[in-house]
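Coordinates as given in work20.pdb (PDB, C-alpha atoms):
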```pdb
ATOM      1  CA  MET A   1       0.000   0.000   0.000
ATOM      2  CA  SER A   2       1.130   3.564  -0.668
ATOM      3  CA  LEU A   3       1.822   6.175   1.994
ATOM      4  CA  ALA A   4      -1.243   8.069   0.748
ATOM      5  CA  SER A   5      -3.557   5.118   1.301
ATOM      6  CA  THR A   6      -2.170   4.144   4.713
ATOM      7  CA  GLU A   7      -2.199   7.740   5.964
ATOM      8  CA  ARG A   8      -5.707   8.284   4.630
ATOM      9  CA  ALA A   9      -6.987   5.289   6.612
ATOM     10  CA  ALA A  10      -5.071   6.213   9.779
ATOM     11  CA  LEU A  11      -6.088   9.875   9.602
ATOM     12  CA  ALA A  12      -9.752   8.909   9.160
ATOM     13  CA  ASP A  13      -9.505   6.660  12.234
ATOM     14  CA  ASP A  14      -7.977   9.453  14.306
ATOM     15  CA  LEU A  15     -10.516  12.033  13.132
ATOM     16  CA  ASP A  16     -13.205   9.632  14.335
ATOM     17  CA  ARG A  17     -11.339   9.113  17.599
ATOM     18  CA  PHE A  18     -10.716  12.777  18.457
ATOM     19  CA  GLY A  19     -13.907  14.300  17.086
ATOM     20  CA  PRO A  20     -14.701  17.557  15.249
ATOM     21  CA  ALA A  21     -13.610  19.948  18.030
ATOM     22  CA  ALA A  22     -10.108  18.533  18.451
ATOM     23  CA  PRO A  23      -7.305  21.088  18.027
ATOM     24  CA  THR A  24      -4.782  20.955  15.172
ATOM     25  CA  LEU A  25      -1.472  22.648  14.456
ATOM     26  CA  CYS A  26      -3.085  24.549  11.567
ATOM     27  CA  ARG A  27      -3.755  28.103  12.700
ATOM     28  CA  GLY A  28      -7.459  28.629  13.373
ATOM     29  CA  TRP A  29      -8.479  25.100  12.365
ATOM     30  CA  LEU A  30     -10.155  22.422  14.431
ATOM     31  CA  ALA A  31     -10.347  18.825  13.226
ATOM     32  CA  SER A  32     -13.624  19.592  11.419
ATOM     33  CA  ASP A  33     -11.962  22.404   9.441
ATOM     34  CA  LEU A  34      -9.018  20.197   8.537
ATOM     35  CA  LEU A  35     -11.334  17.469   7.299
ATOM     36  CA  THR A  36     -13.332  19.920   5.191
ATOM     37  CA  HIS A  37     -10.121  21.227   3.635
ATOM     38  CA  LEU A  38      -9.064  17.717   2.634
ATOM     39  CA  LEU A  39     -12.449  16.911   1.112
ATOM     40  CA  LEU A  40     -12.655  20.148  -0.878
ATOM     41  CA  ARG A  41      -9.082  19.777  -2.086
ATOM     42  CA  GLU A  42      -9.686  16.464  -3.800
ATOM     43  CA  ASN A  43     -13.387  16.654  -4.659
ATOM     44  CA  ASP A  44     -14.401  20.254  -5.399
ATOM     45  CA  LEU A  45     -12.905  22.016  -8.419
ATOM     46  CA  LEU A  46     -14.676  25.263  -7.552
ATOM     47  CA  ALA A  47     -13.163  25.394  -4.063
ATOM     48  CA  ALA A  48      -9.610  24.382  -4.968
ATOM     49  CA  PRO A  49      -8.414  27.770  -6.391
ATOM     50  CA  GLY A  50      -9.084  29.507  -3.078
ATOM     51  CA  MET A  51      -6.599  27.229  -1.363
ATOM     52  CA  ALA A  52      -3.786  28.724  -3.419
ATOM     53  CA  VAL A  53      -4.940  32.214  -4.444
ATOM     54  CA  SER A  54      -6.494  34.559  -1.886
ATOM     55  CA  THR A  55      -8.743  36.133  -4.549
ATOM     56  CA  PHE A  56     -10.884  33.002  -4.393
ATOM     57  CA  ASP A  57     -11.019  32.720  -0.575
ATOM     58  CA  GLU A  58     -14.700  33.692  -0.427
ATOM     59  CA  ILE A  59     -15.715  30.995  -2.892
ATOM     60  CA  THR A  60     -13.783  28.371  -0.937
ATOM     61  CA  ALA A  61     -15.398  29.508   2.320
ATOM     62  CA  GLN A  62     -18.846  29.244   0.739
ATOM     63  CA  ARG A  63     -18.127  25.742  -0.547
ATOM     64  CA  ALA A  64     -16.854  24.714   2.884
ATOM     65  CA  GLU A  65     -19.975  26.036   4.588
ATOM     66  CA  ARG A  66     -22.155  24.222   2.062
ATOM     67  CA  LEU A  67     -20.346  20.916   2.636
ATOM     68  CA  GLU A  68     -20.519  21.183   6.418
ATOM     69  CA  SER A  69     -24.204  22.126   6.427
ATOM     70  CA  ARG A  70     -25.146  19.131   4.289
ATOM     71  CA  HIS A  71     -23.028  16.429   5.930
ATOM     72  CA  SER A  72     -22.267  15.601   9.541
ATOM     73  CA  PHE A  73     -18.704  15.205  10.729
ATOM     74  CA  ALA A  74     -19.078  11.401  10.759
ATOM     75  CA  GLU A  75     -20.403  11.432   7.199
ATOM     76  CA  ARG A  76     -17.505  13.587   6.061
ATOM     77  CA  VAL A  77     -14.974  11.284   7.732
ATOM     78  CA  ASP A  78     -16.554   8.311   5.943
ATOM     79  CA  ARG A  79     -16.443  10.163   2.648
ATOM     80  CA  PHE A  80     -12.749  10.985   3.139
ATOM     81  CA  ARG A  81     -12.000   7.384   4.103
ATOM     82  CA  ARG A  82     -13.519   6.099   0.840
ATOM     83  CA  GLY A  83     -11.153   8.211  -1.262
ATOM     84  CA  PRO A  84     -11.699  10.793  -4.014
ATOM     85  CA  ALA A  85     -14.990  10.890  -5.881
ATOM     86  CA  ALA A  86     -15.318   9.291  -9.311
ATOM     87  CA  TRP A  87     -14.996  12.703 -11.043
ATOM     88  CA  SER A  88     -11.978  13.838  -9.025
ATOM     89  CA  VAL A  89      -8.660  14.442 -10.749
ATOM     90  CA  PHE A  90      -7.135  12.362  -7.953
ATOM     91  CA  ARG A  91      -8.754   9.315  -9.574
ATOM     92  CA  VAL A  92      -6.158   9.553 -12.355
ATOM     93  CA  PRO A  93      -4.025   6.414 -11.898
ATOM     94  CA  GLY A  94      -1.017   7.150  -9.701
ATOM     95  CA  LEU A  95      -1.950  10.748  -8.839
ATOM     96  CA  ASP A  96      -3.343   9.921  -5.402
ATOM     97  CA  ARG A  97      -0.098   8.143  -4.505
ATOM     98  CA  VAL A  98       2.123  10.958  -5.786
ATOM     99  CA  ALA A  99       0.129  14.004  -4.642
ATOM    100  CA  ASN A 100      -1.432  12.852  -1.366
ATOM    101  CA  GLY A 101       1.298  11.036   0.540
ATOM    102  CA  MET A 102       2.984  14.168   1.870
ATOM    103  CA  GLU A 103      -0.315  16.045   2.253
ATOM    104  CA  PHE A 104      -1.982  13.366   4.357
ATOM    105  CA  PHE A 105       1.127  12.665   6.441
ATOM    106  CA  ILE A 106       1.604  16.335   7.358
ATOM    107  CA  HIS A 107      -2.049  16.907   8.186
ATOM    108  CA  HIS A 108      -2.223  13.677  10.179
ATOM    109  CA  GLU A 109       0.658  14.951  12.289
ATOM    110  CA  ASP A 110      -1.107  18.340  12.515
ATOM    111  CA  LEU A 111      -3.927  16.526  14.271
ATOM    112  CA  LEU A 112      -1.857  14.165  16.395
ATOM    113  CA  ARG A 113       0.754  16.642  17.649
ATOM    114  CA  ALA A 114      -1.848  19.174  18.759
ATOM    115  CA  GLN A 115      -3.278  16.730  21.298
ATOM    116  CA  PRO A 116      -2.171  17.118  24.951
ATOM    117  CA  ASP A 117      -1.163  13.445  25.294
ATOM    118  CA  TRP A 118       0.744  13.273  21.988
ATOM    119  CA  LYS A 119       3.543  10.750  21.620
ATOM    120  CA  PRO A 120       5.532  10.217  18.425
ATOM    121  CA  ARG A 121       4.452   7.386  16.174
ATOM    122  CA  ASP A 122       6.849   4.561  15.341
ATOM    123  CA  LEU A 123       6.674   5.032  11.588
ATOM    124  CA  GLY A 124       9.127   2.299  10.714
ATOM    125  CA  ARG A 125      12.062   2.238   8.335
ATOM    126  CA  GLN A 126      10.010   1.915   5.146
ATOM    127  CA  THR A 127       7.917   5.014   5.853
ATOM    128  CA  GLN A 128      10.938   7.053   6.930
ATOM    129  CA  THR A 129      12.728   6.041   3.724
ATOM    130  CA  HIS A 130       9.701   7.104   1.692
ATOM    131  CA  LEU A 131       9.582  10.468   3.481
ATOM    132  CA  ALA A 132      13.272  10.967   2.717
ATOM    133  CA  LYS A 133      12.408  10.544  -0.973
ATOM    134  CA  VAL A 134       9.579  13.054  -0.572
ATOM    135  CA  LEU A 135      12.090  15.525   0.869
ATOM    136  CA  SER A 136      14.438  14.879  -2.028
ATOM    137  CA  ARG A 137      11.672  15.720  -4.520
ATOM    138  CA  SER A 138      10.001  18.577  -2.652
ATOM    139  CA  GLY A 139      12.744  20.065  -0.487
ATOM    140  CA  ARG A 140      13.561  22.983  -2.789
ATOM    141  CA  LEU A 141       9.883  23.946  -3.036
ATOM    142  CA  LEU A 142       9.367  23.672   0.726
ATOM    143  CA  THR A 143      12.376  25.891   1.499
ATOM    144  CA  TRP A 144      12.057  28.409  -1.340
ATOM    145  CA  ARG A 145      11.455  31.262   1.118
ATOM    146  CA  SER A 146      14.670  30.554   3.030
ATOM    147  CA  PRO A 147      17.249  33.348   2.669
ATOM    148  CA  VAL A 148      20.067  30.829   3.232
ATOM    149  CA  GLY A 149      20.982  27.437   1.859
ATOM    150  CA  VAL A 150      19.484  24.418   3.599
ATOM    151  CA  ARG A 151      21.064  21.017   3.984
ATOM    152  CA  ALA A 152      19.518  18.019   5.717
ATOM    153  CA  GLU A 153      21.322  15.295   7.608
ATOM    154  CA  LEU A 154      18.715  12.579   7.850
ATOM    155  CA  THR A 155      19.119  10.052  10.626
ATOM    156  CA  ASP A 156      17.700   6.579  10.936
ATOM    157  CA  GLN A 157      17.122   4.326  13.909
ATOM    158  CA  SER A 158      20.713   3.077  13.728
ATOM    159  CA  GLY A 159      22.084   6.620  13.908
ATOM    160  CA  ASP A 160      23.452   6.620  10.347
ATOM    161  CA  LEU A 161      23.319   9.932   8.476
ATOM    162  CA  HIS A 162      22.245  10.620   4.904
ATOM    163  CA  GLN A 163      23.026  14.082   3.511
ATOM    164  CA  LEU A 164      20.553  15.857   1.279
ATOM    165  CA  TRP A 165      20.705  19.349  -0.184
ATOM    166  CA  LEU A 166      17.318  21.055  -0.021
ATOM    167  CA  ARG A 167      18.349  24.540  -1.116
ATOM    168  CA  PRO A 168      21.752  25.762  -2.338
ATOM    169  CA  GLY A 169      23.357  28.883  -0.911
ATOM    170  CA  SER A 170      26.657  30.438   0.102
ATOM    171  CA  ARG A 171      25.493  30.530   3.720
ATOM    172  CA  ILE A 172      23.862  27.352   4.965
ATOM    173  CA  VAL A 173      22.046  25.818   7.874
ATOM    174  CA  THR A 174      21.854  22.081   8.482
ATOM    175  CA  LEU A 175      18.732  20.310   9.739
ATOM    176  CA  VAL A 176      19.454  17.087  11.619
ATOM    177  CA  GLY A 177      16.720  14.588  12.387
ATOM    178  CA  LEU A 178      14.559  11.746  11.163
ATOM    179  CA  PRO A 179      13.099  12.326   7.684
ATOM    180  CA  ALA A 180       9.602  12.755   9.147
ATOM    181  CA  GLU A 181      10.801  15.455  11.527
ATOM    182  CA  VAL A 182      12.793  17.365   8.904
ATOM    183  CA  LEU A 183       9.837  17.234   6.520
ATOM    184  CA  LEU A 184       7.505  18.649   9.166
ATOM    185  CA  TYR A 185       9.981  21.414   9.994
ATOM    186  CA  CYS A 186      10.307  22.376   6.327
ATOM    187  CA  ALA A 187       6.510  22.389   6.036
ATOM    188  CA  GLY A 188       6.343  25.086   8.705
ATOM    189  CA  ARG A 189       5.677  22.921  11.780
ATOM    190  CA  LYS A 190       8.804  24.277  13.452
ATOM    191  CA  ALA A 191       7.751  24.193  17.105
ATOM    192  CA  ALA A 192       6.244  20.714  16.823
ATOM    193  CA  SER A 193       9.153  18.979  15.087
ATOM    194  CA  ARG A 194      12.188  17.364  16.666
ATOM    195  CA  VAL A 195      15.022  18.802  14.600
ATOM    196  CA  GLU A 196      18.465  20.074  15.533
ATOM    197  CA  ILE A 197      19.552  23.113  13.502
ATOM    198  CA  LEU A 198      23.247  23.830  12.985
ATOM    199  CA  GLY A 199      24.981  26.807  11.404
ATOM    200  CA  GLU A 200      26.623  30.170  11.929
ATOM    201  CA  PRO A 201      24.640  32.558  14.197
ATOM    202  CA  GLU A 202      23.797  34.956  11.351
ATOM    203  CA  SER A 203      22.549  32.130   9.150
ATOM    204  CA  LEU A 204      20.530  30.601  11.968
ATOM    205  CA  ASP A 205      18.925  33.956  12.715
ATOM    206  CA  ALA A 206      17.985  34.558   9.083
ATOM    207  CA  PHE A 207      16.593  31.053   8.718
ATOM    208  CA  SER A 208      14.577  31.276  11.933
ATOM    209  CA  ARG A 209      12.677  34.258  10.513
ATOM    210  CA  ALA A 210      11.777  32.506   7.246
ATOM    211  CA  ASP A 211       8.113  31.624   6.790
ATOM    212  CA  LEU A 212       8.128  27.999   5.668
ATOM    213  CA  GLU A 213       4.480  27.259   6.317
ATOM    214  CA  ILE A 214       2.441  25.545   3.599
TER     215      ILE A 214
END
```
Can you turn what I pasted into structure tokens?
Amino acid sequence: MSLASTERAALADDLDRFGPAAPTLCRGWLASDLLTHLLLRENDLLAAPGMAVSTFDEITAQRAERLESRHSFAERVDRFRRGPAAWSVFRVPGLDRVANGMEFFIHHEDLLRAQPDWKPRDLGRQTQTHLAKVLSRSGRLLTWRSPVGVRAELTDQSGDLHQLWLRPGSRIVTLVGLPAEVLLYCAGRKAASRVEILGEPESLDAFSRADLEI
């Protein structure tokens, strides 16, 4: 099974477990808001533009309100669990696997890490290896706002390191941690990730002020 499919199932289970009013790491969003975002993203072509361009925010908000008024939280969780609708672009063979793995993993952690009794998941070597590949593909995009170069030293359970350049630069910072943690940091979940950051003071200061949130 792909990361997208396993994270979809696990996220649906945890949405059911925590309920609609559970907090998330996404600013201003409860679990219900996060779920609505995921459903609109893969099922509603009219709502999708507002997730990327602020001009369309009002349309997206209207579509979200419409969805939430017509379907209970439990119904929306079940709909998310079943996967994209027949007309969704995410039904194109392979697109769900490529486009949703990182999305679902990050938002699953947004839900889990906002809970008061949070403990890190044991993701296993295979998932960590997959997330390292995600970083390799998406690292430059995730760190494009950084004013300095960014290098990752990815650790595994044995303590071995794998170096990966995310963004070139004459001044650099180095992020050290498990692939999952480095990915979350680069996706803007700075306070919730377990990453060590190394570099010269000036570079560290500049990097700390960069807005990496997606």
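The spacing separating CA of Arg140 (chain A) from CA of Arg41 (chain A) amounts to 22.9 Å.
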Exercise. Using all atoms listed in the file, determine which residues lie at most 10 Å from Ala210 (chain A), disregarding the query and same-chain residues fewer than 5 positions distant; provide the list as number ranges by chain.
Key: A: 143-148, 188, 205
Writer output for current selection, C-alpha atoms, as an mmCIF file, keeping the file's coordinate frame:
```
data_model
loop_
_atom_site.group_PDB
_atom_site.id
_atom_site.type_symbol
_atom_site.label_atom_id
_atom_site.label_comp_id
_atom_site.auth_asym_id
_atom_site.auth_seq_id
_atom_site.Cartn_x
_atom_site.Cartn_y
_atom_site.Cartn_z
ATOM 1 C CA THR A 143 12.376 25.891 1.499
ATOM 2 C CA TRP A 144 12.057 28.409 -1.340
ATOM 3 C CA ARG A 145 11.455 31.262 1.118
ATOM 4 C CA SER A 146 14.670 30.554 3.030
ATOM 5 C CA PRO A 147 17.249 33.348 2.669
ATOM 6 C CA VAL A 148 20.067 30.829 3.232
ATOM 7 C CA GLY A 188 6.343 25.086 8.705
ATOM 8 C CA ASP A 205 18.925 33.956 12.715
#
```
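Taking CA of Ile197 (chain A) and CA of Glu181 (chain A) as endpoints, the distance between them is 11.8 Å.
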Quiz item: Out of A:Asp13, A:Pro201, A:Phe105, A:Val173, which residue has the shortest atom-to-atom distance to Leu123 (chain A) when counting only C-alpha atoms?
Solution: A:Phe105
Practice problem: Would you kindly translate the PyMOL selection byres ((chain A and resi 22) around 8) into the concrete residues it picks from this file, as a PyMOL selection string? | Solution: chain A and resi 18-21+23-24+30-32+111+115
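Of the listed residues A:Arg79, A:Glu42, A:Glu7, A:Ser170, the one whose atoms come nearest to Val92 (chain A) is A:Glu42, with distances taken using only C-alpha atoms.
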Quiz item: With only C-alpha atoms as the atoms that count, which of A:Gly139, A:Leu25, A:Thr155, A:Ala4 lies nearest to Pro168 (chain A)?
Solution: A:Gly139
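Note that CA of Phe90 (chain A) and CA of Ala114 (chain A) are 28.1 Å apart.
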Quiz item: Using the chain letters and numbers from the file, which residues does the PyMOL selection byres ((chain A and resi 66-68) around 12) grab, as a PyMOL selection string?
Solution: chain A and resi 20+32-40+43-44+47+59-65+69-77+79
Quiz item: Quick one: residues within 9 Å of Ile172 (chain A), all atoms listed in the file counted, chain neighbours fewer than 4 positions away excluded, as a PyMOL selection string?
Solution: chain A and resi 148-151+167-168+198-200+203-204+207
Neighbouring residues of Ala12 (chain A) were defined as those with any atom within 8 Å, considering only C-alpha atoms; residues of the same chain fewer than 5 positions away were excluded. Please report them as a PDB file with C-alpha atoms, in the frame of the given file.
```
ATOM      1  CA  VAL A  77     -14.974  11.284   7.732  1.00  0.00           C
ATOM      2  CA  ASP A  78     -16.554   8.311   5.943  1.00  0.00           C
ATOM      3  CA  PHE A  80     -12.749  10.985   3.139  1.00  0.00           C
ATOM      4  CA  ARG A  81     -12.000   7.384   4.103  1.00  0.00           C
TER       5      ARG A  81
END
```
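The closest residue to Thr127 (chain A), picked from A:Asp156, A:Asp211, A:Glu103, A:Asp57 and counting only C-alpha atoms, is A:Asp156.
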Quiz item: Which polymer residues have any atom within 12 Å of an atom of Ser193 (chain A), counting only C-alpha atoms, with same-chain residues fewer than 6 positions away left out, as a count of residues only?
Solution: 21
